[in-house]
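Visitor: After the structure tokens below, expect a handful of questions from me.
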Amino acid sequence: MRALAEAVGYARWRREAADPGKVPEFDDIDEKGAARLIGELLARGEGLTLSDEHTCELLGRYGVPVRRALPAPGPHAAVDAARALGYPVALKATAPHLRHRADLGGVRLDLADEEQLLRAYAELTELFGPPQELRPVVQAMAPRGVDTVVRAVIDPAAGAVLSFGLAGAASQLLGDMAHRLIPVTDREATSLVRSIRTAPLLFGWRGSTPVDTPALEELLLRVSRLVDDHPEVVAVTLEPVVVAPHGVSVLGATVRLAPPPARDDLGPRTMPAY
């Protein structure tokens, strides 16, 4: 049975190699505007992690909107931010030791009014310390779905690599991440989503509502295009990306720029076909 499984897998690989798909075009991508922004930012230094504002601007030029989060250095600032965004909101601590750690209690969700927000703010500061240590932000609630993580990095041996997995323990503890070389084709984006062991959670496992995997695949393709078009983008992390039954919401993002490494060979490094 193992031999038959290997044979089936090899046949599938041969079919995919014969028709790898295509890298789609997106009419709303502003490649020139992104290049100008990257050039202006790199002119300030050799390499840098972008601010939240510049991260949102750069990703937005490739059709990857990041859900707005407003700083809340005090309870009154949190109330003002919630009024600007509209209830319900989430209150999140973004200190490095609490970021993306909802299990530690640094996130309060579905705050429906000012009273709930102020109570949550008091609880966070009582548990974790003053606001200057917590770095709290207020963010409009996203539709419920499956939390995922999308990353792109420049690997010294392989070139640009796009990675995908479920956020939290699945990727951090179990290493359940799938990877593809950039540029990613439409067929590769589809297979990437389905390659992780926890993929059934995206497709209605045990009666749950299936999520919008076509929107997720489009997001992967847009991130791939950004990194492929601009080798100065050496790292992108989108976490979490909430994939709902309709659409995706990017709740957190970081981008790092650096002068592109010198390479004699161009394009992804692949095994030769025999």
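We name chains A, B, ... following the order of the structure tokens; residues begin at 1 in each chain, and ligands are numbered from 1 as shown.
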Considering only C-alpha atoms, return as a VMD selection string whatever protein or nucleic-acid residues lie within 8 Å of range 131-138 of chain A, sequence-local ones (same chain, fewer than 5 positions apart) excluded.

Guide: chain A and resid 69 to 74 78 81 to 82 89 to 95 125

Visitor: Write out as a ChimeraX atom specification all residues of range 9-117 of chain A that DSSP puts in strand (DSSP E) for this structure's backbone.

Guide: /A:48-49,69-71,89-93,107-111

Visitor: Save the residues we just selected, N, CA and C atoms, as a CSV table (one decimal), in the first residue's frame?

Guide:
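Result written to part_1.csv:
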```csv
chain,number,residue,atom,x,y,z
A,48,LEU,N,15.2,48.0,7.0
A,48,LEU,CA,14.3,48.4,8.1
A,48,LEU,C,13.0,47.6,8.1
A,49,THR,N,12.4,47.5,9.2
A,49,THR,CA,11.1,47.0,9.4
A,49,THR,C,10.1,48.2,9.3
A,69,ALA,N,-6.0,49.5,12.9
A,69,ALA,CA,-5.9,49.4,14.4
A,69,ALA,C,-5.4,50.7,14.9
A,70,LEU,N,-6.0,51.3,15.9
A,70,LEU,CA,-5.6,52.6,16.4
A,70,LEU,C,-5.0,52.4,17.8
A,71,PRO,N,-3.9,53.2,18.1
A,71,PRO,CA,-3.3,53.1,19.4
A,71,PRO,C,-4.2,53.6,20.5
A,89,VAL,N,-15.7,46.2,18.8
A,89,VAL,CA,-14.3,46.3,18.6
A,89,VAL,C,-13.5,45.3,19.4
A,90,ALA,N,-12.2,45.1,19.1
A,90,ALA,CA,-11.3,44.3,19.9
A,90,ALA,C,-10.3,45.2,20.5
A,91,LEU,N,-9.9,44.8,21.7
A,91,LEU,CA,-8.8,45.5,22.4
A,91,LEU,C,-7.6,44.5,22.5
A,92,LYS,N,-6.5,44.9,22.0
A,92,LYS,CA,-5.3,44.0,22.0
A,92,LYS,C,-4.1,44.6,22.5
A,93,ALA,N,-3.3,43.8,23.3
A,93,ALA,CA,-2.0,44.2,23.7
A,93,ALA,C,-1.0,43.8,22.7
A,107,VAL,N,-6.0,39.7,24.7
A,107,VAL,CA,-7.0,40.1,23.7
A,107,VAL,C,-8.4,40.1,24.3
A,108,ARG,N,-9.1,41.1,24.0
A,108,ARG,CA,-10.6,41.1,24.4
A,108,ARG,C,-11.4,41.4,23.1
A,109,LEU,N,-12.3,40.5,22.9
A,109,LEU,CA,-13.1,40.5,21.6
A,109,LEU,C,-14.5,40.9,21.9
A,110,ASP,N,-15.2,41.4,20.8
A,110,ASP,CA,-16.6,41.6,20.8
A,110,ASP,C,-17.0,42.6,21.8
A,111,LEU,N,-16.3,43.7,22.0
A,111,LEU,CA,-16.7,44.7,23.0
A,111,LEU,C,-17.7,45.6,22.3
```

Visitor: Extract, using only C-alpha atoms, all DNA, RNA and protein residues at most 12 Å from Val255 in chain A, discarding same-chain residues fewer than 3 positions from it, and format them as a CSV table (one decimal) with all heavy atoms, in the first residue's frame.

Guide:
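File selection.csv, as written:
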```csv
chain,number,residue,atom,x,y,z
A,38,ILE,N,9.1,52.0,-1.9
A,38,ILE,CA,10.2,51.2,-1.4
A,38,ILE,C,11.5,52.0,-1.6
A,38,ILE,O,12.4,52.0,-0.7
A,38,ILE,CB,10.3,49.9,-2.2
A,38,ILE,CG1,9.1,49.0,-1.8
A,38,ILE,CG2,11.6,49.1,-1.9
A,38,ILE,CD1,8.9,47.8,-2.6
A,41,LEU,N,11.8,54.7,1.1
A,41,LEU,CA,12.1,54.1,2.4
A,41,LEU,C,13.5,53.6,2.6
A,41,LEU,O,14.1,53.8,3.6
A,41,LEU,CB,11.0,53.1,2.8
A,41,LEU,CG,9.6,53.5,2.9
A,41,LEU,CD1,8.6,52.3,3.0
A,41,LEU,CD2,9.4,54.4,4.1
A,47,GLY,N,18.4,48.8,5.8
A,47,GLY,CA,17.4,47.8,5.9
A,47,GLY,C,16.5,48.2,7.1
A,47,GLY,O,17.0,48.8,8.1
A,48,LEU,N,15.2,48.0,7.0
A,48,LEU,CA,14.3,48.4,8.1
A,48,LEU,C,13.0,47.6,8.1
A,48,LEU,O,12.6,47.1,7.0
A,48,LEU,CB,14.0,49.9,7.9
A,48,LEU,CG,13.1,50.3,6.8
A,48,LEU,CD1,12.5,51.7,7.0
A,48,LEU,CD2,13.9,50.4,5.5
A,49,THR,N,12.4,47.5,9.2
A,49,THR,CA,11.1,47.0,9.4
A,49,THR,C,10.1,48.2,9.3
A,49,THR,O,10.3,49.2,10.0
A,49,THR,CB,10.9,46.3,10.7
A,49,THR,OG1,11.8,45.2,10.8
A,49,THR,CG2,9.5,45.7,10.9
A,50,LEU,N,9.2,48.1,8.4
A,50,LEU,CA,8.3,49.2,8.2
A,50,LEU,C,7.4,49.5,9.3
A,50,LEU,O,7.0,48.6,10.1
A,50,LEU,CB,7.4,49.0,6.9
A,50,LEU,CG,8.2,48.7,5.6
A,50,LEU,CD1,7.2,48.7,4.4
A,50,LEU,CD2,9.3,49.8,5.4
A,51,SER,N,7.0,50.8,9.5
A,51,SER,CA,6.0,51.2,10.4
A,51,SER,C,4.6,50.6,10.0
A,51,SER,O,4.5,50.2,8.9
A,51,SER,CB,5.9,52.7,10.5
A,51,SER,OG,5.5,53.2,9.3
A,52,ASP,N,3.7,50.6,10.9
A,52,ASP,CA,2.4,50.1,10.6
A,52,ASP,C,1.8,50.9,9.4
A,52,ASP,O,1.1,50.4,8.5
A,52,ASP,CB,1.4,50.2,11.8
A,52,ASP,CG,1.8,49.3,12.9
A,52,ASP,OD1,2.5,48.3,12.6
A,52,ASP,OD2,1.4,49.4,14.0
A,53,GLU,N,2.0,52.2,9.4
A,53,GLU,CA,1.5,53.1,8.3
A,53,GLU,C,2.0,52.7,7.0
A,53,GLU,O,1.3,52.5,6.0
A,53,GLU,CB,1.8,54.5,8.7
A,53,GLU,CG,1.3,55.5,7.6
A,53,GLU,CD,1.6,56.9,7.9
A,53,GLU,OE1,2.3,57.2,8.9
A,53,GLU,OE2,1.3,57.8,7.0
A,54,HIS,N,3.4,52.6,6.9
A,54,HIS,CA,4.0,52.2,5.6
A,54,HIS,C,3.7,50.8,5.2
A,54,HIS,O,3.6,50.5,4.0
A,54,HIS,CB,5.5,52.5,5.7
A,54,HIS,CG,5.9,53.9,5.7
A,54,HIS,ND1,6.8,54.4,6.6
A,54,HIS,CD2,5.4,55.0,5.0
A,54,HIS,CE1,6.9,55.7,6.4
A,54,HIS,NE2,6.1,56.1,5.5
A,55,THR,N,3.6,49.9,6.2
A,55,THR,CA,3.2,48.5,5.9
A,55,THR,C,1.8,48.5,5.2
A,55,THR,O,1.7,47.8,4.2
A,55,THR,CB,3.2,47.7,7.2
A,55,THR,OG1,4.5,47.6,7.7
A,55,THR,CG2,2.6,46.3,6.9
A,56,CYS,N,0.9,49.2,5.8
A,56,CYS,CA,-0.5,49.2,5.2
A,56,CYS,C,-0.5,49.8,3.8
A,56,CYS,O,-1.2,49.4,2.9
A,56,CYS,CB,-1.4,50.0,6.1
A,56,CYS,SG,-1.8,49.2,7.7
A,57,GLU,N,0.3,50.9,3.7
A,57,GLU,CA,0.4,51.6,2.4
A,57,GLU,C,1.0,50.6,1.3
A,57,GLU,O,0.4,50.5,0.2
A,57,GLU,CB,1.2,52.8,2.5
A,57,GLU,CG,1.3,53.6,1.2
A,57,GLU,CD,2.1,54.9,1.3
A,57,GLU,OE1,2.5,55.2,2.4
A,57,GLU,OE2,2.3,55.6,0.2
A,58,LEU,N,2.1,50.0,1.6
A,58,LEU,CA,2.7,49.1,0.6
A,58,LEU,C,1.8,47.9,0.3
A,58,LEU,O,1.6,47.6,-0.9
A,58,LEU,CB,4.1,48.6,1.2
A,58,LEU,CG,4.9,47.7,0.2
A,58,LEU,CD1,5.1,48.3,-1.1
A,58,LEU,CD2,6.2,47.2,0.9
A,59,LEU,N,1.3,47.2,1.3
A,59,LEU,CA,0.4,46.1,1.0
A,59,LEU,C,-0.8,46.5,0.3
A,59,LEU,O,-1.3,45.8,-0.6
A,59,LEU,CB,0.1,45.4,2.3
A,59,LEU,CG,1.2,44.7,3.0
A,59,LEU,CD1,0.7,44.2,4.4
A,59,LEU,CD2,1.7,43.5,2.2
A,150,VAL,N,0.3,33.8,6.8
A,150,VAL,CA,1.0,33.9,5.5
A,150,VAL,C,2.3,34.5,5.7
A,150,VAL,O,2.4,35.6,6.3
A,150,VAL,CB,0.1,34.6,4.5
A,150,VAL,CG1,0.9,34.7,3.2
A,150,VAL,CG2,-1.2,33.9,4.3
A,151,ARG,N,3.4,33.9,5.2
A,151,ARG,CA,4.7,34.5,5.3
A,151,ARG,C,5.4,34.3,4.0
A,151,ARG,O,5.2,33.4,3.2
A,151,ARG,CB,5.6,33.7,6.4
A,151,ARG,CG,5.1,33.9,7.8
A,151,ARG,CD,6.1,33.4,8.8
A,151,ARG,NE,5.6,33.5,10.2
A,151,ARG,CZ,5.2,32.6,10.9
A,151,ARG,NH1,5.1,31.3,10.4
A,151,ARG,NH2,4.8,32.7,12.1
A,152,ALA,N,6.3,35.3,3.7
A,152,ALA,CA,7.2,35.2,2.5
A,152,ALA,C,8.6,35.7,3.0
A,152,ALA,O,8.7,36.7,3.7
A,152,ALA,CB,6.7,36.1,1.4
A,153,VAL,N,9.6,34.9,2.7
A,153,VAL,CA,11.0,35.3,3.0
A,153,VAL,C,11.9,34.9,1.9
A,153,VAL,O,11.6,34.2,1.0
A,153,VAL,CB,11.4,34.5,4.3
A,153,VAL,CG1,10.6,34.9,5.5
A,153,VAL,CG2,11.4,33.0,4.1
A,223,VAL,N,0.5,38.4,-2.4
A,223,VAL,CA,1.8,38.5,-1.7
A,223,VAL,C,2.9,38.0,-2.5
A,223,VAL,O,4.0,38.6,-2.5
A,223,VAL,CB,1.6,37.7,-0.3
A,223,VAL,CG1,3.0,37.7,0.4
A,223,VAL,CG2,0.6,38.3,0.5
A,226,LEU,N,4.0,40.7,-4.9
A,226,LEU,CA,4.7,41.7,-4.3
A,226,LEU,C,6.2,41.4,-4.1
A,226,LEU,O,7.1,42.2,-4.5
A,226,LEU,CB,4.1,42.0,-2.9
A,226,LEU,CG,4.9,43.0,-2.0
A,226,LEU,CD1,5.0,44.4,-2.6
A,226,LEU,CD2,4.2,43.0,-0.6
A,227,VAL,N,6.5,40.2,-3.6
A,227,VAL,CA,7.8,39.8,-3.3
A,227,VAL,C,8.6,39.5,-4.7
A,227,VAL,O,9.8,39.8,-4.8
A,227,VAL,CB,7.9,38.6,-2.4
A,227,VAL,CG1,9.3,38.1,-2.2
A,227,VAL,CG2,7.2,38.9,-1.1
A,232,GLU,N,13.5,43.9,-3.0
A,232,GLU,CA,13.9,44.6,-1.8
A,232,GLU,C,13.0,44.2,-0.6
A,232,GLU,O,13.3,44.4,0.6
A,232,GLU,CB,13.8,46.1,-2.0
A,232,GLU,CG,14.6,46.6,-3.1
A,232,GLU,CD,13.9,46.7,-4.4
A,232,GLU,OE1,12.8,46.0,-4.5
A,232,GLU,OE2,14.4,47.3,-5.4
A,233,VAL,N,11.8,43.6,-0.9
A,233,VAL,CA,10.9,43.1,0.1
A,233,VAL,C,11.4,41.7,0.6
A,233,VAL,O,11.2,40.7,-0.1
A,233,VAL,CB,9.4,43.0,-0.4
A,233,VAL,CG1,8.5,42.5,0.7
A,233,VAL,CG2,9.0,44.3,-0.9
A,234,VAL,N,12.2,41.7,1.7
A,234,VAL,CA,12.8,40.4,2.0
A,234,VAL,C,12.1,39.6,3.0
A,234,VAL,O,12.4,38.4,3.3
A,234,VAL,CB,14.3,40.7,2.6
A,234,VAL,CG1,15.1,41.3,1.5
A,234,VAL,CG2,14.2,41.7,3.8
A,235,ALA,N,11.0,40.2,3.6
A,235,ALA,CA,10.2,39.4,4.6
A,235,ALA,C,8.8,40.0,4.7
A,235,ALA,O,8.7,41.3,4.8
A,235,ALA,CB,10.9,39.3,5.9
A,236,VAL,N,7.8,39.2,4.6
A,236,VAL,CA,6.4,39.6,4.8
A,236,VAL,C,5.8,38.6,5.8
A,236,VAL,O,5.9,37.4,5.6
A,236,VAL,CB,5.6,39.7,3.5
A,236,VAL,CG1,4.2,40.1,3.8
A,236,VAL,CG2,6.2,40.7,2.5
A,237,THR,N,5.1,39.1,6.8
A,237,THR,CA,4.3,38.3,7.7
A,237,THR,C,2.9,38.9,7.8
A,237,THR,O,2.8,40.0,8.3
A,237,THR,CB,5.0,38.1,9.1
A,237,THR,OG1,6.2,37.5,8.9
A,237,THR,CG2,4.1,37.2,10.0
A,238,LEU,N,1.9,38.1,7.5
A,238,LEU,CA,0.5,38.5,7.7
A,238,LEU,C,0.0,37.5,8.8
A,238,LEU,O,-0.2,36.3,8.5
A,238,LEU,CB,-0.3,38.3,6.5
A,238,LEU,CG,0.2,39.0,5.2
A,238,LEU,CD1,-0.7,38.9,4.0
A,238,LEU,CD2,0.5,40.5,5.5
A,239,GLU,N,-0.3,38.0,10.0
A,239,GLU,CA,-0.8,37.2,11.1
A,239,GLU,C,-1.5,38.0,12.1
A,239,GLU,O,-1.0,39.0,12.6
A,239,GLU,CB,0.4,36.5,11.8
A,239,GLU,CG,0.0,35.5,12.8
A,239,GLU,CD,1.2,34.8,13.5
A,239,GLU,OE1,2.3,35.2,13.2
A,239,GLU,OE2,1.0,33.9,14.3
A,252,GLY,N,-3.1,41.7,11.2
A,252,GLY,CA,-1.7,42.1,11.6
A,252,GLY,C,-0.7,41.9,10.5
A,252,GLY,O,-0.8,40.9,9.8
A,258,ALA,N,15.2,45.5,2.5
A,258,ALA,CA,16.6,45.5,2.5
A,258,ALA,C,17.1,45.6,1.1
A,258,ALA,O,16.4,45.2,0.2
A,258,ALA,CB,17.2,44.3,3.2
```
